[in-house]
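model_38.cif (mmCIF, C-alpha atoms) appears below.
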```cif
data_my_file
loop_
_atom_site.label_atom_id
_atom_site.label_comp_id
_atom_site.auth_asym_id
_atom_site.auth_seq_id
_atom_site.Cartn_x
_atom_site.Cartn_y
_atom_site.Cartn_z
CA MET N 190 17.69 21.59 27.57
CA LYS N 191 17.57 20.17 24.08
CA GLN N 192 14.88 17.58 23.40
CA PRO N 193 16.42 14.07 23.47
CA PHE N 194 16.79 12.37 20.10
CA GLY N 195 14.46 9.51 21.08
CA ILE N 196 11.68 11.97 21.94
CA ARG N 197 12.10 13.71 18.57
CA VAL N 198 11.80 10.35 16.79
CA LEU N 199 8.85 9.22 18.95
CA LYS N 200 7.04 12.48 18.23
CA TRP N 201 6.81 11.58 14.55
CA PHE N 202 6.23 7.90 15.20
CA VAL N 203 3.21 8.46 17.45
CA ALA N 204 1.73 10.97 15.00
CA LEU N 205 1.96 8.40 12.19
CA ALA N 206 0.82 5.54 14.44
CA SER N 207 -2.20 7.56 15.54
CA THR N 208 -3.17 8.06 11.92
CA GLY N 209 -2.61 4.36 11.28
CA MET N 210 -4.94 3.44 14.12
CA PHE N 211 -7.84 5.29 12.54
CA VAL N 212 -6.99 4.00 9.06
CA SER N 213 -7.12 0.43 10.42
CA ILE N 214 -10.62 1.06 11.78
CA VAL N 215 -11.77 2.43 8.41
CA LEU N 216 -10.24 -0.58 6.62
CA ALA N 217 -12.04 -2.95 9.01
CA VAL N 218 -15.36 -1.15 8.48
CA LEU N 219 -14.85 -1.47 4.72
CA ASP N 220 -13.78 -5.13 5.19
CA ILE N 221 -10.43 -4.62 3.50
CA GLY N 222 -7.63 -6.97 4.53
CA PRO N 223 -7.31 -9.58 7.24
CA HIS N 224 -8.25 -8.95 10.87
CA PHE N 225 -5.89 -9.99 13.67
CA MET N 226 -5.91 -9.70 17.46
CA GLY N 227 -2.91 -10.88 19.43
CA GLY N 228 -1.45 -12.49 16.32
CA GLU N 229 -4.54 -14.65 15.77
CA ARG N 230 -6.92 -14.25 12.89
CA VAL N 231 -10.41 -13.18 13.98
CA THR N 232 -13.61 -12.29 12.19
CA ARG N 233 -14.28 -8.75 11.09
CA LEU N 234 -17.15 -8.38 13.57
CA ASP N 235 -15.03 -9.68 16.45
CA TRP N 236 -12.32 -7.16 15.58
CA LEU N 237 -14.80 -4.30 15.33
CA HIS N 238 -16.51 -5.21 18.62
CA ILE N 239 -13.41 -6.04 20.66
CA ALA N 240 -10.33 -4.34 19.20
CA ALA N 241 -11.73 -1.25 17.47
CA PRO N 242 -12.79 0.58 20.67
CA LEU N 243 -9.33 0.10 22.17
CA VAL N 244 -7.64 1.06 18.89
CA ALA N 245 -9.73 4.25 18.72
CA VAL N 246 -8.88 5.27 22.29
CA ILE N 247 -5.19 4.51 21.79
CA GLY N 248 -5.26 6.51 18.54
CA CYS N 249 -6.62 9.52 20.42
CA VAL N 250 -4.04 9.12 23.20
CA MET N 251 -1.26 8.82 20.62
CA ALA N 252 -2.41 12.03 18.95
CA SER N 253 -2.32 13.70 22.38
CA ILE N 254 1.19 12.34 22.96
CA ALA N 255 2.38 13.70 19.60
CA TYR N 256 1.01 17.12 20.51
CA ALA N 257 2.50 16.97 24.02
CA PHE N 258 5.95 15.98 22.70
CA ALA N 259 5.87 18.73 20.07
CA ALA N 260 4.69 21.37 22.56
CA GLY N 261 7.14 20.27 25.26
CA LYS N 262 4.49 19.33 27.81
CA PRO N 263 5.83 17.56 30.92
CA TYR N 264 2.79 15.26 31.16
CA SER N 265 3.57 13.55 27.84
CA ARG N 266 5.50 10.72 29.46
CA HIS N 267 2.51 9.94 31.70
CA LEU N 268 0.33 9.62 28.60
CA VAL N 269 2.77 7.11 27.13
CA MET N 270 2.53 4.97 30.24
CA ALA N 271 -1.26 5.28 30.21
CA ILE N 272 -1.38 3.39 26.90
CA PHE N 273 0.24 0.31 28.42
CA ILE N 274 -1.93 0.47 31.53
CA LEU N 275 -5.02 0.81 29.34
CA ILE N 276 -4.08 -2.27 27.29
CA ILE N 277 -3.49 -4.36 30.43
CA VAL N 278 -6.75 -3.28 32.06
CA TYR N 279 -8.77 -3.76 28.84
CA ALA N 280 -7.32 -7.23 28.15
CA SER N 281 -7.79 -8.29 31.77
CA ALA N 282 -11.40 -7.11 31.86
CA LEU N 283 -12.35 -8.73 28.57
CA GLY N 284 -10.52 -11.90 29.54
CA ALA N 285 -12.34 -12.05 32.87
CA LEU N 286 -15.65 -11.64 31.03
CA HIS N 287 -14.63 -14.45 28.63
CA VAL N 288 -14.92 -12.13 25.64
CA LEU N 289 -11.26 -12.68 24.66
CA ARG N 290 -9.59 -16.00 24.10
CA PRO N 291 -7.04 -16.64 26.87
CA THR N 292 -4.13 -16.71 24.41
CA ILE N 293 -5.02 -13.28 23.06
CA MET N 294 -5.55 -11.90 26.56
CA TRP N 295 -2.22 -13.17 27.89
CA ARG N 296 -0.32 -12.03 24.82
CA ALA N 297 -1.74 -8.51 25.22
CA ILE N 298 -0.93 -8.45 28.94
CA VAL N 299 2.62 -9.77 28.51
CA ASN N 300 3.44 -7.50 25.56
CA ALA N 301 2.04 -4.40 27.29
CA SER N 302 3.91 -5.28 30.48
CA LEU N 303 7.24 -5.77 28.73
CA PHE N 304 7.01 -2.71 26.49
CA GLY N 305 5.60 -0.71 29.41
CA CYS N 306 8.65 -1.59 31.51
CA VAL N 307 10.98 -0.50 28.71
CA ALA N 308 9.03 2.74 28.27
CA GLY N 309 9.04 3.30 32.04
CA TRP N 310 12.81 2.93 32.13
CA TYR N 311 13.24 5.28 29.19
CA PHE N 312 10.91 8.04 30.38
CA TYR N 313 11.53 7.88 34.13
CA PHE N 314 15.02 6.46 34.71
CA LYS N 315 17.21 7.22 31.68
CA PRO N 316 19.24 10.19 32.97
CA ASN N 317 19.06 12.57 30.02
CA VAL N 318 15.34 11.91 29.39
CA SER N 319 14.26 12.17 33.04
CA GLY N 320 16.36 15.36 33.32
CA TYR N 321 14.61 16.77 30.27
CA PHE N 322 11.17 16.14 31.80
CA ARG N 323 12.27 17.55 35.18
CA GLU N 324 13.35 20.71 33.38
CA LEU N 325 10.01 20.89 31.53
CA ALA N 326 8.16 20.61 34.84
CA THR N 327 10.03 23.58 36.32
CA ARG N 328 9.27 25.89 33.38
#
```

As structure tokens, please, write out the structure in this file.
Amino acid sequence: MKQPFGIRVLKWFVALASTGMFVSIVLAVLDIGPHFMGGERVTRLDWLHIAAPLVAVIGCVMASIAYAFAAGKPYSRHLVMAIFILIIVYASALGALHVLRPTIMWRAIVNASLFGCVAGWYFYFKPNVSGYFRELATR
């Protein structure tokens, strides 16, 4: 089965986004540009201590997703969903520890939940995409 168009587009997007994640960490280390979390301006040190670890992990997962999409690996859709789960767990944990402001925590949780639901529909319920992954799993 031919790779769905959305997967072909996402393959390039996640490769570029992964690169962008690591560039953003380098820019923060060099103190270039503003630093935002959840749409709110934060200090450079706050960003490096709170957001940078999550950004680094998500950058690695995105690179893995780009590889998995390009190589036709059936587990790639599970990696996509792992990003949203990771964001929700990370925001919840830091919010519970009072490391994150409640507004930033809730924005991260809501955004990850909404985009995670859309991604879940696309990767698991959209007929042509779920058929593509079923075919990959039987290879």

Would you list the contacts of region 275-283 of chain N as a ChimeraX atom specification, taking every protein, DNA or RNA residue within 7 Å and counting only C-alpha atoms, but skipping same-chain residues closer than 2 positions in sequence? /N:271-273,285-289,294,297-298,301

Next, the residues of the selection above should be written as a short mmCIF file (atom, residue, chain, number, x, y, z; two decimals), keeping the file's coordinate frame with C-alpha atoms.
```cif
data_model
loop_
_atom_site.label_atom_id
_atom_site.label_comp_id
_atom_site.auth_asym_id
_atom_site.auth_seq_id
_atom_site.Cartn_x
_atom_site.Cartn_y
_atom_site.Cartn_z
CA ALA N 271 -1.26 5.28 30.21
CA ILE N 272 -1.38 3.39 26.90
CA PHE N 273 0.24 0.31 28.42
CA ALA N 285 -12.34 -12.05 32.87
CA LEU N 286 -15.65 -11.64 31.03
CA HIS N 287 -14.63 -14.45 28.63
CA VAL N 288 -14.92 -12.13 25.64
CA LEU N 289 -11.26 -12.68 24.66
CA MET N 294 -5.55 -11.90 26.56
CA ALA N 297 -1.74 -8.51 25.22
CA ILE N 298 -0.93 -8.45 28.94
CA ALA N 301 2.04 -4.40 27.29
#
```

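Atom to atom, CA of Ala255 (chain N) and CA of Ala326 (chain N) stand 17.7 Å apart.
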
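Distances to Met251 (chain N) were evaluated for N:Thr232, N:Ser207, N:Ser319, N:Ser302 using all atoms listed in the file, and the minimum falls at N:Ser207.
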
Picked residues, the PyMOL selection byres ((chain N and resi 322) around 12), expected as a PDB file with C-alpha atoms, in the frame of the given file:
```pdb
ATOM      1  CA  MET N 190      17.690  21.590  27.570  1.00  0.00           C
ATOM      2  CA  LYS N 191      17.570  20.170  24.080  1.00  0.00           C
ATOM      3  CA  GLN N 192      14.880  17.580  23.400  1.00  0.00           C
ATOM      4  CA  PRO N 193      16.420  14.070  23.470  1.00  0.00           C
ATOM      5  CA  ILE N 196      11.680  11.970  21.940  1.00  0.00           C
ATOM      6  CA  ALA N 257       2.500  16.970  24.020  1.00  0.00           C
ATOM      7  CA  PHE N 258       5.950  15.980  22.700  1.00  0.00           C
ATOM      8  CA  GLY N 261       7.140  20.270  25.260  1.00  0.00           C
ATOM      9  CA  LYS N 262       4.490  19.330  27.810  1.00  0.00           C
ATOM     10  CA  PRO N 263       5.830  17.560  30.920  1.00  0.00           C
ATOM     11  CA  TYR N 264       2.790  15.260  31.160  1.00  0.00           C
ATOM     12  CA  SER N 265       3.570  13.550  27.840  1.00  0.00           C
ATOM     13  CA  ARG N 266       5.500  10.720  29.460  1.00  0.00           C
ATOM     14  CA  HIS N 267       2.510   9.940  31.700  1.00  0.00           C
ATOM     15  CA  TYR N 311      13.240   5.280  29.190  1.00  0.00           C
ATOM     16  CA  PHE N 312      10.910   8.040  30.380  1.00  0.00           C
ATOM     17  CA  TYR N 313      11.530   7.880  34.130  1.00  0.00           C
ATOM     18  CA  PHE N 314      15.020   6.460  34.710  1.00  0.00           C
ATOM     19  CA  LYS N 315      17.210   7.220  31.680  1.00  0.00           C
ATOM     20  CA  PRO N 316      19.240  10.190  32.970  1.00  0.00           C
ATOM     21  CA  ASN N 317      19.060  12.570  30.020  1.00  0.00           C
ATOM     22  CA  VAL N 318      15.340  11.910  29.390  1.00  0.00           C
ATOM     23  CA  SER N 319      14.260  12.170  33.040  1.00  0.00           C
ATOM     24  CA  GLY N 320      16.360  15.360  33.320  1.00  0.00           C
ATOM     25  CA  TYR N 321      14.610  16.770  30.270  1.00  0.00           C
ATOM     26  CA  ARG N 323      12.270  17.550  35.180  1.00  0.00           C
ATOM     27  CA  GLU N 324      13.350  20.710  33.380  1.00  0.00           C
ATOM     28  CA  LEU N 325      10.010  20.890  31.530  1.00  0.00           C
ATOM     29  CA  ALA N 326       8.160  20.610  34.840  1.00  0.00           C
ATOM     30  CA  THR N 327      10.030  23.580  36.320  1.00  0.00           C
ATOM     31  CA  ARG N 328       9.270  25.890  33.380  1.00  0.00           C
TER      32      ARG N 328
END
```

Given the PyMOL selection byres ((chain N and resi 214-231) around 12), the residues it picks as a VMD selection string: chain N and resid 207 to 213 232 to 248 276 280 289 to 301

Any chance you could export the current selection's C-alpha atoms as a PDB file, in the coordinates of the input?
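As written to disk, part_34.pdb reads:
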```
ATOM      1  CA  SER N 207      -2.200   7.560  15.540  1.00  0.00           C
ATOM      2  CA  THR N 208      -3.170   8.060  11.920  1.00  0.00           C
ATOM      3  CA  GLY N 209      -2.610   4.360  11.280  1.00  0.00           C
ATOM      4  CA  MET N 210      -4.940   3.440  14.120  1.00  0.00           C
ATOM      5  CA  PHE N 211      -7.840   5.290  12.540  1.00  0.00           C
ATOM      6  CA  VAL N 212      -6.990   4.000   9.060  1.00  0.00           C
ATOM      7  CA  SER N 213      -7.120   0.430  10.420  1.00  0.00           C
ATOM      8  CA  THR N 232     -13.610 -12.290  12.190  1.00  0.00           C
ATOM      9  CA  ARG N 233     -14.280  -8.750  11.090  1.00  0.00           C
ATOM     10  CA  LEU N 234     -17.150  -8.380  13.570  1.00  0.00           C
ATOM     11  CA  ASP N 235     -15.030  -9.680  16.450  1.00  0.00           C
ATOM     12  CA  TRP N 236     -12.320  -7.160  15.580  1.00  0.00           C
ATOM     13  CA  LEU N 237     -14.800  -4.300  15.330  1.00  0.00           C
ATOM     14  CA  HIS N 238     -16.510  -5.210  18.620  1.00  0.00           C
ATOM     15  CA  ILE N 239     -13.410  -6.040  20.660  1.00  0.00           C
ATOM     16  CA  ALA N 240     -10.330  -4.340  19.200  1.00  0.00           C
ATOM     17  CA  ALA N 241     -11.730  -1.250  17.470  1.00  0.00           C
ATOM     18  CA  PRO N 242     -12.790   0.580  20.670  1.00  0.00           C
ATOM     19  CA  LEU N 243      -9.330   0.100  22.170  1.00  0.00           C
ATOM     20  CA  VAL N 244      -7.640   1.060  18.890  1.00  0.00           C
ATOM     21  CA  ALA N 245      -9.730   4.250  18.720  1.00  0.00           C
ATOM     22  CA  VAL N 246      -8.880   5.270  22.290  1.00  0.00           C
ATOM     23  CA  ILE N 247      -5.190   4.510  21.790  1.00  0.00           C
ATOM     24  CA  GLY N 248      -5.260   6.510  18.540  1.00  0.00           C
ATOM     25  CA  ILE N 276      -4.080  -2.270  27.290  1.00  0.00           C
ATOM     26  CA  ALA N 280      -7.320  -7.230  28.150  1.00  0.00           C
ATOM     27  CA  LEU N 289     -11.260 -12.680  24.660  1.00  0.00           C
ATOM     28  CA  ARG N 290      -9.590 -16.000  24.100  1.00  0.00           C
ATOM     29  CA  PRO N 291      -7.040 -16.640  26.870  1.00  0.00           C
ATOM     30  CA  THR N 292      -4.130 -16.710  24.410  1.00  0.00           C
ATOM     31  CA  ILE N 293      -5.020 -13.280  23.060  1.00  0.00           C
ATOM     32  CA  MET N 294      -5.550 -11.900  26.560  1.00  0.00           C
ATOM     33  CA  TRP N 295      -2.220 -13.170  27.890  1.00  0.00           C
ATOM     34  CA  ARG N 296      -0.320 -12.030  24.820  1.00  0.00           C
ATOM     35  CA  ALA N 297      -1.740  -8.510  25.220  1.00  0.00           C
ATOM     36  CA  ILE N 298      -0.930  -8.450  28.940  1.00  0.00           C
ATOM     37  CA  VAL N 299       2.620  -9.770  28.510  1.00  0.00           C
ATOM     38  CA  ASN N 300       3.440  -7.500  25.560  1.00  0.00           C
ATOM     39  CA  ALA N 301       2.040  -4.400  27.290  1.00  0.00           C
TER      40      ALA N 301
END
```

Put a box with edges along x, y and z around all the listed atoms of region 281-300 of chain N, pad it by 4 Å on each side, then give me its centre and sizes in Å, one decimal, as AutoDock Vina command-line options.
```
--center_x -6.1 --center_y -11.9 --center_z 28.0 --size_x 27.1 --size_y 17.6 --size_z 17.8
```

Could you state the separation of CA of Ala204 (chain N) and CA of Ile254 (chain N) in Å, given to one decimal place? 8.1 Å

Rounded to one decimal, what separation in Å do you get between CA of Ala260 (chain N) and CA of Phe202 (chain N)? 15.4 Å
